[in-house]
Amino acid sequence: MDLKLTTATGKASSKSISVSDDVFGRDFNEALVHQVVTAYQAGGRAGTRAHKNRSAVSGGGAKPFAQKGTGRARAGTTRGPIWRTGGKTFAAVPKDWSQKVNRKMYRGAIKSILSELLRQERLVVVDKFDSEAAKTKEMADKLSKLGIDNALIVTEAMDENLYLSARNIPKIDVIDVSGVNPLDLVRFEKVLVTVDALKKIEENLA
């Protein structure tokens with residue numbers, strides 16, 4: 001299939017690019033996309049939360065007071081959870097939240113998302129998109145001409161000036177092809193991608 005390019009002013013260009021139907025012509029698989037996005041978010045969790053239980057806190061080796069004759073409830077250690085310096089009753093332990101996703105499933109989800117973005121006219125393909133200097137105002141003007149205020153910008157390689165120009169603009173993010181992920185593709189209103197980046201994405205998903 002052929003995709004029409006968009007000019008810097010937001011108008012349709014006379015140029016077009018040929019892309020694979022396998023990558024950009026798939027039916028939307030909501031269940032697969034949900035599973036892969038959930039797995040991606042789960043993989044980002046640190047899982048490092050930890051508490052000390054009664055066996056991990058220090059002290060409490062000796063019986064604090066006699067078993068009988070004190071009028072108090074019997075106690076064998078000061079490390080119990082009812083003591084001020086004791087351990088936690090249901091102590092949290094480090095946990096790995098990652099979920100296994102096959103490569104075929106991951107690629108299938110990315111293809112499904114890209115196809116749906118194209119159908120909903122949320123995928124904007126431009127011949128070139130860069131920034132000569134790290135100027136936020138210039139970047140805001142460029143996006144305004146394209147009618148974009150909530151978008152993910154994807155380039156073939158990370159452009160430092162482009163990244164610095166866009167980082168202070170709300171709801172705008174810049175990534176390169178290696179950083180493309182299902183979460184970013186679905187959470188932005190539009191995806192602005194250059195021709196070189198699009199070809200690289202298609203090559204990676206082939």
# chains A, B, ... in the order shown; residues from 1 in each chain; ligands from 1
$ closest_atom_pairs --of "stretch 89-136 of chain A" --to "stretch 35-44 of chain A" --cutoff "7 Å" --atoms "only C-alpha atoms" --output "Markdown table"
| residue | atom | partner | partner_atom | distance |
| --- | --- | --- | --- | --- |
| A:Trp97 | CA | A:Ala42 | CA | 5.5 |
| A:Ser98 | CA | A:Gly43 | CA | 4.4 |
| A:Gln99 | CA | A:Ala39 | CA | 5.3 |
| A:Val101 | CA | A:Val36 | CA | 7.0 |
| A:Tyr106 | CA | A:Val36 | CA | 6.3 |
| A:Ala109 | CA | A:Val36 | CA | 6.8 |
$ residues_around --residues "A:Phe129" --least-positions-apart "4" --cutoff "9 Å" --atoms "only C-alpha atoms" --output "list of chain:residue names"
A:Ala8, A:Ile153, A:Thr155, A:Leu162, A:Leu192, A:Val193, A:Thr194
$ write_last_selection --atoms "C-alpha atoms" --output "mmCIF file, in the first residue's frame"
data_model
loop_
_atom_site.group_PDB
_atom_site.id
_atom_site.type_symbol
_atom_site.label_atom_id
_atom_site.label_comp_id
_atom_site.auth_asym_id
_atom_site.auth_seq_id
_atom_site.Cartn_x
_atom_site.Cartn_y
_atom_site.Cartn_z
ATOM 1 C CA ALA A 8 5.886 20.794 7.045
ATOM 2 C CA ILE A 153 7.814 12.001 17.337
ATOM 3 C CA THR A 155 13.076 9.590 14.103
ATOM 4 C CA LEU A 162 15.140 17.924 18.354
ATOM 5 C CA LEU A 192 4.673 11.715 13.804
ATOM 6 C CA VAL A 193 7.256 9.565 12.016
ATOM 7 C CA THR A 194 9.875 10.375 9.390
#
$ residues_around --residues "A:Thr7" --least-positions-apart "2" --cutoff "10 Å" --atoms "only C-alpha atoms" --output "list in words"
Lys4, Leu5, Thr9, Gly10, Lys11, Ala12, Ser13, Ser14, Lys15, Val124, Val125, Val126, Asp127, Lys128, Phe129, Lys145 and Leu146 of chain A
$ residues_around --residues "A:Ser20" --least-positions-apart "6" --cutoff "9 Å" --atoms "only C-alpha atoms" --output "list of chain:residue names"
A:Met1, A:Asp2, A:Glu202, A:Ala206
$ closest_atom_pairs --of "stretch 128-154 of chain A" --to "stretch 173-185 of chain A" --cutoff "7 Å" --atoms "only C-alpha atoms" --output "JSON lines"
{"residue": "A:Ala151", "atom": "CA", "partner": "A:Asp173", "partner_atom": "CA", "distance": 6.8}
{"residue": "A:Leu152", "atom": "CA", "partner": "A:Asp173", "partner_atom": "CA", "distance": 5.0}
{"residue": "A:Ile153", "atom": "CA", "partner": "A:Val174", "partner_atom": "CA", "distance": 4.7}
{"residue": "A:Val154", "atom": "CA", "partner": "A:Ile175", "partner_atom": "CA", "distance": 5.2}
$ write_last_selection --atoms "N, CA and C atoms" --output "mmCIF file, in the first residue's frame"
data_model
loop_
_atom_site.group_PDB
_atom_site.id
_atom_site.type_symbol
_atom_site.label_atom_id
_atom_site.label_comp_id
_atom_site.auth_asym_id
_atom_site.auth_seq_id
_atom_site.Cartn_x
_atom_site.Cartn_y
_atom_site.Cartn_z
ATOM 1 N N ALA A 151 1.602 14.422 20.628
ATOM 2 C CA ALA A 151 2.169 13.487 19.656
ATOM 3 C C ALA A 151 3.473 12.869 20.130
ATOM 4 N N LEU A 152 3.742 11.703 19.568
ATOM 5 C CA LEU A 152 5.026 11.023 19.731
ATOM 6 C C LEU A 152 5.788 11.212 18.424
ATOM 7 N N ILE A 153 6.986 11.776 18.516
ATOM 8 C CA ILE A 153 7.814 12.001 17.337
ATOM 9 C C ILE A 153 8.860 10.900 17.256
ATOM 10 N N VAL A 154 8.863 10.180 16.127
ATOM 11 C CA VAL A 154 9.788 9.056 15.947
ATOM 12 C C VAL A 154 10.746 9.381 14.810
#
